[in-house]
Each structure stands twice: as C-alpha cells, then as structure tokens.
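Next up, input.csv (CSV, C-alpha atoms):
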chain,number,residue,atom,x,y,z
A,129,GLY,CA,243.2,88.0,-50.8
A,130,ASP,CA,244.1,91.6,-50.2
A,131,ARG,CA,241.5,92.7,-52.8
A,132,GLU,CA,238.7,90.9,-51.0
A,133,GLU,CA,239.8,92.2,-47.6
A,134,SER,CA,239.8,95.8,-48.9
A,135,ALA,CA,236.3,95.4,-50.4
A,136,VAL,CA,235.0,94.1,-47.0
A,137,ILE,CA,236.6,97.1,-45.2
A,138,ALA,CA,235.1,99.5,-47.7
A,139,VAL,CA,231.6,98.0,-47.2
A,140,ARG,CA,231.9,98.1,-43.4
A,141,ARG,CA,233.2,101.7,-43.6
A,142,ALA,CA,230.2,102.8,-45.8
A,143,ALA,CA,227.8,101.1,-43.4
A,144,ALA,CA,229.4,102.8,-40.4
A,145,GLU,CA,229.2,106.2,-42.1
A,146,GLN,CA,225.6,105.6,-43.0
A,147,LYS,CA,224.8,104.8,-39.3
A,148,ILE,CA,226.6,108.0,-38.2
A,149,ALA,CA,224.7,110.1,-40.7
A,150,GLU,CA,221.4,108.6,-39.4
A,151,PHE,CA,222.4,109.2,-35.8
A,152,MET,CA,223.4,112.8,-36.5
A,153,GLU,CA,219.9,113.4,-38.1
A,154,MET,CA,218.2,112.6,-34.8
A,155,PRO,CA,217.0,116.0,-33.5
A,156,GLU,CA,218.2,115.6,-30.0
A,157,VAL,CA,221.7,114.5,-31.2
A,158,TYR,CA,221.9,117.4,-33.7
A,159,ARG,CA,220.9,119.9,-31.0
A,160,GLU,CA,223.5,118.5,-28.5
A,161,VAL,CA,226.3,118.5,-31.0
A,162,ASN,CA,225.5,122.1,-32.1
A,163,ARG,CA,225.2,123.1,-28.4
A,164,ARG,CA,228.6,121.9,-27.6
A,165,GLU,CA,230.1,123.5,-30.7
A,166,LEU,CA,228.4,126.8,-30.0
A,167,LEU,CA,229.6,126.6,-26.4
A,168,GLU,CA,233.2,126.0,-27.5
A,169,TYR,CA,232.9,129.0,-29.9
A,170,ALA,CA,231.3,131.2,-27.2
A,171,ARG,CA,234.2,130.4,-24.7
A,172,ALA,CA,236.7,131.4,-27.4
A,173,ILE,CA,234.8,134.7,-28.0
A,174,GLY,CA,234.7,135.3,-24.3
A,175,ARG,CA,238.5,134.9,-24.0
A,176,GLY,CA,239.1,137.2,-26.9
A,177,GLU,CA,240.5,134.3,-29.0
A,178,LEU,CA,240.1,133.4,-32.7
A,179,VAL,CA,237.1,131.1,-33.2
A,180,GLU,CA,238.3,128.1,-35.0
A,181,THR,CA,235.6,127.2,-37.5
A,182,PRO,CA,236.3,124.5,-40.0
A,183,THR,CA,237.4,127.1,-42.6
A,184,THR,CA,239.6,128.9,-40.1
A,185,LYS,CA,241.2,125.6,-38.9
A,186,LYS,CA,242.3,124.8,-42.4
A,187,MET,CA,243.9,128.2,-42.8
A,188,ILE,CA,245.6,127.9,-39.4
A,189,SER,CA,247.0,124.5,-40.2
A,190,ALA,CA,248.5,125.8,-43.5
A,191,ILE,CA,250.0,128.8,-41.7
A,192,ARG,CA,251.6,126.7,-39.0
A,193,ALA,CA,252.9,124.1,-41.6
A,194,HIS,CA,254.9,126.9,-43.3
A,195,TRP,CA,255.9,128.8,-40.2
A,196,ASP,CA,257.2,125.7,-38.6
A,197,ARG,CA,259.6,125.3,-41.6
A,198,GLY,CA,260.6,128.9,-41.4
A,199,VAL,CA,258.8,129.9,-44.6
A,200,PRO,CA,257.3,133.5,-44.6
A,201,VAL,CA,253.5,133.6,-44.9
A,202,PHE,CA,251.7,136.3,-46.9
A,203,LEU,CA,247.9,136.4,-46.6
A,204,TRP,CA,245.9,138.5,-49.1
A,205,GLY,CA,242.2,139.1,-49.6
A,206,HIS,CA,239.5,141.6,-49.5
A,207,LEU,CA,238.5,144.1,-46.8
A,208,GLY,CA,237.0,142.5,-43.8
A,209,ALA,CA,238.2,138.9,-44.6
A,210,GLY,CA,240.2,138.8,-41.3
A,211,LYS,CA,243.8,138.6,-42.5
A,212,PRO,CA,245.5,140.2,-39.4
A,213,GLU,CA,242.9,138.4,-37.2
A,214,LEU,CA,244.5,135.1,-38.4
A,215,LEU,CA,248.2,135.8,-38.0
A,216,ARG,CA,248.1,137.5,-34.6
A,217,PRO,CA,246.0,134.8,-32.8
A,218,VAL,CA,248.2,132.1,-34.4
A,219,SER,CA,251.3,133.8,-33.0
A,220,ARG,CA,249.7,134.1,-29.5
A,221,LYS,CA,248.1,130.6,-29.3
A,222,TYR,CA,250.6,128.4,-31.1
A,223,TYR,CA,253.9,130.2,-30.6
A,224,GLY,CA,253.2,131.8,-27.2
A,225,GLU,CA,254.2,135.3,-28.2
A,226,GLU,CA,252.5,138.6,-29.0
A,227,PRO,CA,253.9,139.4,-32.4
A,228,GLU,CA,255.7,142.6,-33.3
A,229,VAL,CA,253.5,144.3,-36.0
A,230,PHE,CA,254.4,147.0,-38.4
A,231,SER,CA,251.5,148.8,-40.2
A,232,GLY,CA,252.4,149.7,-43.7
A,233,SER,CA,252.1,153.2,-45.2
A,234,GLU,CA,253.6,155.1,-48.1
A,235,GLU,CA,255.8,157.0,-45.6
A,236,ALA,CA,257.4,153.8,-44.3
A,237,SER,CA,261.2,153.6,-44.3
A,238,ALA,CA,263.7,150.9,-43.5
A,239,HIS,CA,264.6,152.8,-40.4
A,240,ASN,CA,261.0,152.5,-39.1
A,241,ILE,CA,261.2,148.7,-39.6
A,242,ILE,CA,264.8,147.9,-38.7
A,243,GLY,CA,265.8,150.8,-36.4
A,244,LYS,CA,268.4,153.6,-36.4
A,245,MET,CA,271.3,155.1,-34.5
A,246,LYS,CA,270.5,158.0,-32.2
A,247,LEU,CA,272.4,160.3,-29.9
A,248,GLN,CA,271.4,159.8,-26.3
A,249,ALA,CA,272.4,161.6,-23.1
A,250,ARG,CA,274.1,159.2,-20.7
A,251,GLU,CA,273.9,161.5,-17.7
A,252,THR,CA,271.3,161.0,-14.9
A,253,PRO,CA,269.9,164.0,-13.0
A,254,ASP,CA,272.0,163.2,-10.0
A,255,GLU,CA,275.2,163.0,-12.1
A,256,PHE,CA,274.2,166.3,-13.7
A,257,TYR,CA,273.8,167.9,-10.2
A,258,ALA,CA,277.1,166.5,-9.0
A,259,ARG,CA,279.0,167.7,-12.1
A,260,ALA,CA,277.5,171.1,-12.0
A,261,ALA,CA,278.2,171.4,-8.2
A,262,GLU,CA,281.8,170.3,-8.7
A,263,ALA,CA,282.2,172.9,-11.3
A,264,LEU,CA,281.0,175.5,-8.9
A,265,SER,CA,283.3,174.1,-6.2
A,266,HIS,CA,280.6,173.7,-3.6
A,267,ALA,CA,277.3,171.8,-3.8
A,268,LYS,CA,275.4,174.2,-1.6
A,269,ALA,CA,276.0,176.8,-4.2
A,270,LEU,CA,273.0,175.2,-6.0
A,271,GLU,CA,270.6,175.5,-3.1
A,272,GLY,CA,267.5,177.3,-4.2
A,273,VAL,CA,268.5,177.3,-7.9
A,274,SER,CA,265.7,176.6,-10.3
A,275,LYS,CA,265.8,173.9,-13.0
A,276,ASN,CA,266.2,176.5,-15.8
A,277,GLU,CA,269.1,178.1,-13.9
A,278,ILE,CA,270.7,174.7,-13.4
A,279,ALA,CA,270.4,174.1,-17.2
A,280,ASP,CA,272.1,177.4,-17.9
A,281,ILE,CA,274.9,176.4,-15.4
A,282,LEU,CA,275.4,173.1,-17.3
A,283,ARG,CA,275.7,174.9,-20.6
A,284,LEU,CA,278.4,177.0,-19.1
A,285,VAL,CA,280.1,174.0,-17.5
A,286,GLY,CA,280.4,172.1,-20.7
A,287,PRO,CA,278.6,169.7,-23.1
A,288,LYS,CA,276.4,166.8,-21.8
A,289,ILE,CA,277.8,163.3,-21.7
A,290,ILE,CA,276.2,161.7,-24.8
A,291,GLU,CA,276.7,158.4,-26.6
A,292,SER,CA,275.5,156.9,-29.9
A,293,THR,CA,273.0,154.0,-29.4
A,294,PHE,CA,270.9,151.8,-31.7
A,295,GLN,CA,267.1,152.4,-31.4
A,296,VAL,CA,265.8,149.0,-32.3
A,297,GLY,CA,262.9,148.7,-34.8
A,298,PRO,CA,260.1,146.2,-34.6
A,299,MET,CA,261.6,143.6,-36.9
A,300,ILE,CA,265.0,143.5,-35.2
A,301,LYS,CA,263.2,143.5,-31.8
A,302,ALA,CA,261.2,140.4,-33.0
A,303,ILE,CA,264.5,138.7,-34.0
A,304,ASP,CA,266.2,139.5,-30.7
A,305,GLU,CA,263.1,138.5,-28.6
A,306,ASN,CA,262.5,135.4,-30.7
A,307,LYS,CA,258.9,136.2,-31.7
A,308,PRO,CA,256.9,136.5,-34.9
A,309,PHE,CA,257.0,139.7,-37.0
A,310,ILE,CA,254.1,140.8,-39.2
A,311,PHE,CA,253.9,143.3,-42.0
A,312,ASP,CA,250.3,144.5,-41.8
A,313,GLU,CA,249.1,146.1,-45.1
A,314,MET,CA,252.4,145.2,-46.7
A,315,ASP,CA,251.2,146.4,-50.1
A,316,GLU,CA,251.2,150.0,-48.8
A,317,ILE,CA,254.9,149.9,-48.2
A,318,PRO,CA,257.1,151.3,-51.1
A,319,ARG,CA,258.6,148.5,-53.2
A,320,GLU,CA,262.2,149.7,-52.8
A,321,ILE,CA,261.8,149.5,-49.0
A,322,LEU,CA,260.5,145.9,-49.1
A,323,SER,CA,263.3,144.8,-51.4
A,324,ARG,CA,265.7,145.6,-48.6
A,325,PHE,CA,264.4,142.4,-46.9
A,326,ASN,CA,264.6,140.0,-49.8
A,327,ASP,CA,267.7,138.3,-48.3
A,328,LEU,CA,266.1,138.0,-44.9
A,329,LEU,CA,263.2,136.1,-46.4
A,330,THR,CA,265.4,133.2,-47.3
A,331,ARG,CA,267.3,133.0,-44.0
A,332,ARG,CA,266.5,130.1,-41.7
A,333,VAL,CA,267.1,129.3,-38.0
A,334,GLY,CA,270.7,129.9,-37.0
A,335,ALA,CA,271.5,132.5,-39.6
A,336,ALA,CA,273.0,135.8,-38.5
A,337,ILE,CA,271.7,139.1,-39.9
A,338,ASP,CA,274.2,141.9,-40.0
A,339,VAL,CA,272.5,145.2,-39.5
A,340,PRO,CA,274.4,148.2,-41.0
A,341,GLU,CA,272.2,150.6,-38.9
A,342,ASP,CA,273.5,148.8,-35.8
A,343,SER,CA,277.2,149.1,-36.7
A,344,ASN,CA,276.9,145.8,-38.5
A,345,ARG,CA,276.2,143.9,-35.3
A,346,SER,CA,274.8,140.4,-35.9
A,347,HIS,CA,271.3,139.4,-34.8
A,348,VAL,CA,270.8,135.6,-34.8
A,349,ILE,CA,267.5,134.1,-36.1
A,350,ARG,CA,266.0,131.6,-33.7
A,351,ASP,CA,263.1,129.2,-34.0
A,352,GLY,CA,260.5,131.6,-32.6
A,353,PHE,CA,261.0,134.2,-35.3
A,354,LYS,CA,258.4,134.0,-38.0
A,355,LEU,CA,257.6,136.4,-40.8
A,356,GLY,CA,254.1,137.2,-41.8
A,357,GLY,CA,252.4,139.7,-44.1
A,358,THR,CA,249.0,140.8,-45.1
A,359,GLY,CA,247.7,142.7,-48.1
A,360,ASN,CA,244.6,143.5,-50.1
A,361,VAL,CA,243.5,142.3,-53.5
A,362,LYS,CA,244.7,144.9,-56.0
A,363,SER,CA,241.7,146.5,-57.6
A,364,LYS,CA,240.0,149.9,-58.0
A,365,LYS,CA,238.8,149.5,-54.4
A,366,TYR,CA,242.3,149.5,-53.0
A,367,MET,CA,244.8,151.9,-54.4
A,368,ARG,CA,247.7,149.7,-53.6
A,369,LYS,CA,251.1,148.9,-55.2
A,370,ASP,CA,251.9,145.8,-57.1
A,371,LEU,CA,254.2,143.7,-55.0
A,372,ASP,CA,257.5,142.7,-56.6
A,373,ALA,CA,257.4,139.3,-58.2
A,374,ALA,CA,260.9,138.5,-57.0
A,375,GLN,CA,259.9,139.2,-53.4
A,376,LEU,CA,256.5,137.5,-53.5
A,377,SER,CA,258.3,134.3,-54.7
A,378,ARG,CA,260.0,134.1,-51.3
A,379,TRP,CA,256.6,134.0,-49.5
A,380,TRP,CA,254.0,131.3,-49.3
A,381,SER,CA,250.9,133.2,-50.2
A,382,THR,CA,247.2,132.4,-50.2
A,383,GLU,CA,243.9,134.2,-50.3
A,384,VAL,CA,241.8,134.6,-47.2
A,385,GLN,CA,238.2,134.0,-48.2
A,386,TYR,CA,235.1,135.2,-46.4
A,387,LEU,CA,233.6,132.5,-44.1
A,388,PRO,CA,230.7,130.5,-45.5
A,389,ALA,CA,227.2,131.6,-44.4
A,390,GLU,CA,226.7,128.6,-42.2
A,391,GLU,CA,229.9,129.2,-40.3
A,392,THR,CA,229.0,132.9,-39.9
A,393,ALA,CA,225.6,132.0,-38.5
A,394,LYS,CA,227.2,129.8,-35.9
A,395,LEU,CA,229.6,132.6,-34.9
A,396,ILE,CA,226.6,134.9,-34.4
A,397,LEU,CA,224.7,132.3,-32.4
A,398,ALA,CA,227.8,131.6,-30.3
A,399,SER,CA,227.9,135.3,-29.2
A,400,LEU,CA,224.3,134.8,-27.9
A,401,VAL,CA,224.7,131.7,-25.8
A,402,ASP,CA,225.1,131.6,-22.0
A,403,ARG,CA,227.7,129.6,-20.2
A,404,HIS,CA,225.5,126.5,-20.4
A,405,GLY,CA,225.2,126.7,-24.2
A,406,SER,CA,221.6,127.9,-24.2
A,407,LEU,CA,220.6,130.7,-26.6
A,408,GLN,CA,219.5,134.0,-25.2
A,409,LEU,CA,217.0,135.3,-27.7
A,410,GLY,CA,213.9,137.3,-27.8
A,411,GLU,CA,211.4,136.0,-30.3
A,412,THR,CA,211.0,132.4,-31.5
A,413,ASP,CA,211.8,133.4,-35.1
A,414,ASP,CA,215.1,135.1,-34.2
A,415,ILE,CA,217.2,132.0,-35.2
A,416,GLU,CA,215.7,132.3,-38.7
A,417,SER,CA,216.6,136.0,-38.7
A,418,ILE,CA,220.2,135.2,-37.7
A,419,ASN,CA,220.5,132.6,-40.5
A,420,ASN,CA,219.2,135.3,-43.0
A,421,LEU,CA,221.7,137.8,-41.6
A,422,ALA,CA,224.5,135.3,-42.3
A,423,LYS,CA,223.2,134.8,-45.8
A,424,VAL,CA,222.9,138.5,-46.6
A,425,ALA,CA,226.4,139.0,-45.2
A,426,ALA,CA,227.7,136.3,-47.6
A,427,GLU,CA,225.8,138.0,-50.5
A,428,ILE,CA,227.3,141.4,-49.7
A,429,GLN,CA,230.8,139.9,-49.4
A,430,ALA,CA,230.5,138.1,-52.7
A,431,ILE,CA,229.2,141.2,-54.5
A,432,PHE,CA,231.9,143.4,-52.9
A,433,ALA,CA,234.6,140.9,-53.9
A,434,GLU,CA,233.1,140.8,-57.4
A,435,LYS,CA,232.6,137.1,-57.2
A,436,LYS,CA,228.9,137.4,-57.8
A,437,LYS,CA,227.2,139.4,-60.5
A,438,ASP,CA,223.9,141.0,-59.6
A,439,VAL,CA,222.4,142.6,-62.7
A,440,HIS,CA,219.3,143.8,-60.8
A,441,GLY,CA,221.0,146.0,-58.3
A,442,PRO,CA,221.6,149.8,-58.6
A,443,GLY,CA,223.7,150.4,-61.7
A,444,GLY,CA,223.3,146.9,-63.0
A,445,ASP,CA,222.1,146.2,-66.6
A,446,PRO,CA,220.6,142.8,-67.4
A,447,ALA,CA,220.7,143.5,-71.2
A,448,ARG,CA,224.5,144.1,-71.1
A,449,ASN,CA,225.2,141.7,-68.3
A,450,ILE,CA,226.6,144.4,-66.1
A,451,GLY,CA,226.4,143.7,-62.4
A,452,ALA,CA,225.8,146.2,-59.6
A,453,SER,CA,228.7,146.9,-57.3
A,454,LEU,CA,229.5,148.0,-53.7
A,455,GLU,CA,232.3,150.5,-53.6
A,456,LYS,CA,233.3,150.7,-50.0
A,457,SER,CA,230.8,148.7,-48.0
A,458,VAL,CA,231.2,145.1,-46.9
A,459,LEU,CA,229.6,143.3,-44.0
A,460,SER,CA,232.5,141.8,-42.1
A,461,ILE,CA,232.6,139.6,-39.0
A,462,ARG,CA,233.6,142.7,-37.0
A,463,ASP,CA,230.5,144.6,-38.3
A,464,LEU,CA,228.3,141.6,-37.5
A,465,LYS,CA,229.7,141.5,-34.0
A,466,ASN,CA,228.9,145.2,-33.5
A,467,ILE,CA,225.3,144.6,-34.6
A,468,ILE,CA,224.8,141.6,-32.4
A,469,ASP,CA,226.5,143.2,-29.4
A,470,ALA,CA,224.2,146.2,-29.7
A,471,TRP,CA,221.1,144.0,-30.2
A,472,LYS,CA,222.0,141.9,-27.1
A,473,ALA,CA,222.8,145.0,-25.0
A,474,SER,CA,219.3,146.4,-25.8
A,475,GLY,CA,217.6,143.3,-24.5
A,476,PHE,CA,216.6,142.5,-28.1
A,477,LYS,CA,214.3,145.5,-28.2
A,478,VAL,CA,214.1,148.6,-30.3
A,479,PRO,CA,215.0,151.8,-28.4
A,480,SER,CA,211.9,154.0,-27.8
A,481,GLY,CA,211.7,157.3,-29.7
A,482,ILE,CA,214.0,156.4,-32.6
A,483,GLY,CA,212.0,158.5,-35.0
A,484,ILE,CA,210.7,155.9,-37.4
A,485,SER,CA,207.1,154.8,-38.1
A,486,SER,CA,205.1,152.7,-35.7
A,487,GLU,CA,205.0,149.9,-38.1
A,488,ALA,CA,208.8,149.7,-38.3
A,489,ARG,CA,209.0,150.0,-34.5
A,490,ALA,CA,206.8,146.9,-34.2
A,491,ASP,CA,209.1,145.0,-36.6
A,492,GLU,CA,211.9,142.8,-35.5
A,493,SER,CA,214.3,144.7,-33.3
A,494,LEU,CA,217.3,143.3,-35.2
A,495,ASN,CA,216.4,145.6,-38.1
A,496,TRP,CA,217.1,148.8,-36.1
A,497,HIS,CA,220.5,147.6,-35.0
A,498,ILE,CA,221.5,146.6,-38.6
A,499,TYR,CA,220.5,150.0,-39.7
A,500,GLU,CA,222.2,151.8,-36.7
A,501,GLU,CA,225.4,149.8,-36.6
A,502,PHE,CA,226.0,149.2,-40.3
A,503,ILE,CA,223.8,150.7,-43.1
A,504,GLN,CA,223.7,154.3,-42.0
A,505,LYS,CA,227.5,154.3,-41.5
A,506,ALA,CA,228.1,153.6,-45.2
A,507,THR,CA,229.8,156.6,-46.7
A,508,VAL,CA,228.8,156.1,-50.4
A,509,PRO,CA,225.1,157.0,-51.1
A,510,LYS,CA,224.8,154.3,-53.8
A,511,ASP,CA,226.1,151.7,-51.4
A,512,ARG,CA,223.5,152.7,-48.8
A,513,VAL,CA,220.6,152.2,-51.4
A,514,TYR,CA,222.0,148.8,-52.5
A,515,LEU,CA,222.6,147.6,-48.9
A,516,VAL,CA,218.9,148.4,-48.1
A,517,GLN,CA,217.8,146.5,-51.1
A,518,LEU,CA,220.0,143.5,-50.3
A,519,PHE,CA,218.7,143.3,-46.8
A,520,CYS,CA,215.1,143.6,-48.0
A,521,ARG,CA,215.7,140.6,-50.3
A,522,TYR,CA,216.4,138.5,-47.2
A,523,GLY,CA,213.3,139.6,-45.3
A,524,PHE,CA,214.6,142.5,-43.3
A,525,PHE,CA,212.9,145.9,-43.0
A,526,LYS,CA,209.5,144.6,-44.2
A,527,ALA,CA,207.5,147.4,-42.5
A,528,TRP,CA,210.0,150.2,-43.1
A,529,LYS,CA,209.2,153.1,-45.4
A,530,ALA,CA,211.7,154.9,-47.5
A,531,ASP,CA,211.5,158.0,-45.2
A,532,ASP,CA,212.4,155.8,-42.2
A,533,PHE,CA,215.9,155.4,-43.4
A,534,GLY,CA,216.6,159.1,-43.7
A,535,PHE,CA,218.6,158.8,-46.9
A,536,PRO,CA,217.5,161.3,-49.6
A,537,GLU,CA,218.9,159.0,-52.3
A,538,LEU,CA,216.5,156.2,-51.2
A,539,THR,CA,213.2,156.6,-52.9
A,540,ALA,CA,210.0,154.5,-52.4
A,541,LYS,CA,210.5,153.1,-55.8
A,542,GLU,CA,214.0,151.9,-55.1
A,543,LEU,CA,212.9,150.4,-51.7
A,544,ALA,CA,210.1,148.6,-53.5
A,545,ALA,CA,212.6,147.2,-56.0

Mind turning the file's structure into structure tokens?
Amino acid sequence: GDREESAVIAVRRAAAEQKIAEFMEMPEVYREVNRRELLEYARAIGRGELVETPTTKKMISAIRAHWDRGVPVFLWGHLGAGKPELLRPVSRKYYGEEPEVFSGSEEASAHNIIGKMKLQARETPDEFYARAAEALSHAKALEGVSKNEIADILRLVGPKIIESTFQVGPMIKAIDENKPFIFDEMDEIPREILSRFNDLLTRRVGAAIDVPEDSNRSHVIRDGFKLGGTGNVKSKKYMRKDLDAAQLSRWWSTEVQYLPAEETAKLILASLVDRHGSLQLGETDDIESINNLAKVAAEIQAIFAEKKKDVHGPGGDPARNIGASLEKSVLSIRDLKNIIDAWKASGFKVPSGIGISSEARADESLNWHIYEEFIQKATVPKDRVYLVQLFCRYGFFKAWKADDFGFPELTAKELAA
C-alpha cells in the first residue's frame, strides 16, 4: 500500500544520503567541491558583485519574494552586517537597475526625497545675445563688449525669461524611471518626515501618486519600482530614533545577521585564489590562520552585538556576571577585505623597518596587516586593548610585546591576560 511504498522510498533516500556523505568525505572530492565554490566566489568578487553564500542566498530569496509582491523591505542590524550591501546588489542583479538611494540624516526633508519647485531661466546664451542686441537696435553694437557688460545691458533691457519647474527628488525619479528606491539609514530620518510616505508604502503597481510639490501631477507606480530601507539596532551604540510602529507595520522587516565563521573563511579564501581556483598563499599554515581570523571576526561581532558575554575581557566581572563590551569596533567583511588585500599586495610579507621587535617581524605577516588595517584604527582606547586580547586568544601576535603595539593603555599585564 501507500504506507509500505513511502517506507521503501524513505529507506532508499536515507541510503542515498549516506552514500553522498561518504563520497563528500573523500579528500579529493572535498577539495574539488571547495575549489569550485571558491572559484565561483572569486569571480563574483572580481566582478564587484555580492558573493552569495548560503546565508546570503536565503536573505536574497526573502527580499525578492517580498519585492516581487510589491511589499517594502526593511533590513535592520548591527554596524558592518552588510545591510546596504544586500539591497543594492539585489536591485542590480535581479531587477536590472542601479537603485536610487537616499542617505538618511536629521536634516532630511520631504523636499530632499520627493523634490521641489524651483525657478529656472529658460533663456540660452544665444537667445540672451539676440534679445540684448535687438534692444540696442544693432547686433554689432555688442562687438567687444565683455560678459559683465552684457549682463548689465540685460538688466537694463528687462527681466530674464524664467519659468517654474519641478526639480525631481530621488524617490519620484525612481518611480518615473521604474527602478528601486532605498532609504539608507532610515532611522536617522525624523519620524514626521517618514510619516509622509505611509500611504505610498501601501500602494501597488498601477497606482498613481499625486505629488503636491509637482503641482499635483500624477506619477504612476510600475512593476520595477521597489521600496527598501536599512537601519541599525537601537542601542547605546547608535543614537537613533525609534521608528513609528504604524509605519513599520507597512514594511516586511528582518534582522541581517553577521555571516557564520565558516562562510567568512571561504570569502577570505576566495579573495586569495587565482583564476584556476588555486590558493595564492605564503606559508603552509596560512589556511589555519585564515580560519582563525574568521573565528575571531565572529567572536568580535558577537561581543559587539551583545550576543555573547565575555566576563574575562576588559571591564568584565565574573563575580557579577558582567561581560566586557566593544563600544565602536567590529570586524566587518569590509575590514577583513582591507586586511587581506593589503596582505596580498605585500606578497604575504611584513614590510621592512616597521619599528617592532625582531621577534614580531619574524612572526606571521598577517599579524602586521591586522594591526595596520584594523586594530590601530580603533578610536576607543579600551576597544584597542580588548581587540588585541581577542586576537591573542586565537593565536595571533604570539611574539609581539606590549610596546610593539604603540598603545599607552596596553600594558604587558593586559597583553599577557
């Protein structure tokens, strides 16, 4: 019967999955599969495209599912999670258009977003010359006259020919050109300005938007117009405004998480492969260092986002179960790219004469570029100390002394910790 047939199918499926798992565990198969995946990622990086890791693919699928139905999409998350880096590439790759983007600020106004009326001269230089010449009866009367003198003549002749025109803003431009529009850092925009667009958020394809600033002219929404927005998690790290609940209810919203460490490691490796998929690395243990770099990035991100409590870091208290914190420093994919690009450009070597001890100079060259491109750029002294400690936990800076870092707040005791 059907029950027996279903049982047979289930047994066969389990057996097939077991064989696939055994096949994937074969070293040569695992290497080939990873080589192809890294090569695919590397090509995307080379084209300046978004690398679609498994986590990113799920997010893209969700964005497209809602945009295809005309539902506005709001992505929120912590600094460096890659919110704008999702919406813009999706717009380019899957909807064939570079989106119009408005960057939020406290000074934003509806005119900045929608547009405004302005007075504009409708007279070309030739028309001006002809009108001035006619007023003076003979064109040759202007021969040898300077531009300033011509301007004076025109003021005597009469007012310029001007007209009132609508200077289109990015949102209306996106509607007219049938392309996506993105509010970047939407939580920076004053609430009363955002509420102006509540009605627009519920409009679908075919609806006409009457714009008072454009003499109530109608702008019709077509299928290429999509609405996107990004914002940060509201916390002491981001002095942002609470978004209005009535407006948020009109968006499909979701948190953009940091990538898992294993996906981050593959992105790093992908930036180091050649066109054949072969890794370009210096030492044999560099792959282990890259895996550790991805792990410490995940650790820093979790602590920054307050999703992991580390009672042993600076300011932490095991007795009171208080965790250490990072105020402004997070190791994002962009930061990792800067580190790896600099490391690769140096030929996987430490520059000579960098002013650190000989022991440190003999250490892995990746250490120097982590320090140069990320740690020393941290603006909060406590963050710098904590970052050094976190990297040391994952095997970096083994031969470095406290003085090598050049931070007065980093003592030998803290480095040993």

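Nearest to Arg378 in chain A of all the residues A:Arg141, A:Gly198, A:Trp471, A:Gly441 is A:Gly198, based on all atoms listed in the file.
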
* To do: Compile the contact shell of Leu178 in chain A as a count of residues only: residues with an atom at most 12 Å away, counting only C-alpha atoms, same-chain residues fewer than 2 positions apart removed.
  => 30

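Taking all atoms listed in the file into account, Gly205 in chain A lies nearest to A:Ala433 out of the set A:Val339, A:Ala433, A:Leu328, A:Met299.
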
* Structure fact -> Taken to one decimal, the CA of Glu313 in chain A-CA of Phe230 in chain A distance is 8.6 Å

* To do: Quick one: everything within 12 Å of Glu320 in chain A, counting only C-alpha atoms, minus sequence neighbours fewer than 6 positions away in the same chain. Send it as a ChimeraX atom specification.
  => /A:234,236-238,326,369-372,375

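With only C-alpha atoms as the atoms that count, the residue of A:Ile242, A:Ala425, A:Glu277, A:Lys510 with the shortest distance to Ala302 in chain A is A:Ile242.
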
* Pick from A:Thr330, A:Gln517, A:Asn344, A:Ser189: nearest to Lys244 in chain A, with only C-alpha atoms counted? -> A:Asn344

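For the atom pair formed by CA of Phe353 in chain A and CA of Asn306 in chain A, the distance is 5.0 Å, given to one decimal.
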
* Write out as a list in words the residues lying within 12 Å of Trp380 in chain A, counting only C-alpha atoms and excluding same-chain residues fewer than 4 positions away. => Ala190, Ile191, Arg192, Ala193, His194, Trp195, Arg197, Gly198, Val199, Pro200, Val201, Phe202, Leu203, Trp204, Leu329, Thr330, Leu355, Gly356, Gly357, Thr358, Gln375 and Leu376 of chain A

Selection file, C-alpha atoms, as a compact mmCIF listing (two decimals), keeping the file's coordinate frame:
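File selection16.txt, as written:
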# COMPACT_ATOMS: atom_id res chain seq x y z
CA ALA A 190 248.50 125.80 -43.50
CA ILE A 191 250.00 128.80 -41.70
CA ARG A 192 251.60 126.70 -39.00
CA ALA A 193 252.90 124.10 -41.60
CA HIS A 194 254.90 126.90 -43.30
CA TRP A 195 255.90 128.80 -40.20
CA ARG A 197 259.60 125.30 -41.60
CA GLY A 198 260.60 128.90 -41.40
CA VAL A 199 258.80 129.90 -44.60
CA PRO A 200 257.30 133.50 -44.60
CA VAL A 201 253.50 133.60 -44.90
CA PHE A 202 251.70 136.30 -46.90
CA LEU A 203 247.90 136.40 -46.60
CA TRP A 204 245.90 138.50 -49.10
CA LEU A 329 263.20 136.10 -46.40
CA THR A 330 265.40 133.20 -47.30
CA LEU A 355 257.60 136.40 -40.80
CA GLY A 356 254.10 137.20 -41.80
CA GLY A 357 252.40 139.70 -44.10
CA THR A 358 249.00 140.80 -45.10
CA GLN A 375 259.90 139.20 -53.40
CA LEU A 376 256.50 137.50 -53.50

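Restricting the calculation to only C-alpha atoms, the smallest distance between Glu235 in chain A and any of A:Phe525, A:Ile317, A:Pro479, A:Phe325 is found for A:Ile317.
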
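CA of Val516 in chain A to CA of Gly534 in chain A spans 11.8 Å [interatomic distance, one decimal].
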
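Omitting Leu454 in chain A and its sequence neighbours fewer than 2 positions away, and counting only C-alpha atoms, the residues within 9 Å are Ile428, Ile431, Phe432, Ala433, Glu434, Ala452, Lys456, Ser457, Val458, Val508, Lys510, Asp511, Tyr514 and Leu515 of chain A.
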
* Pick from A:Cys520, A:Ala393, A:Leu400, A:Val478 nearest to Glu500 in chain A, counting only C-alpha atoms -> A:Val478

Edge lengths and centre, in Å to one decimal, as JSON: that's what I need for the box along x, y and z that holds all listed atoms of range 220-233 of chain A plus 8 Å on each side.
{"center_x": 251.9, "center_y": 140.8, "center_z": -36.2, "size_x": 23.6, "size_y": 40.8, "size_z": 34.0}
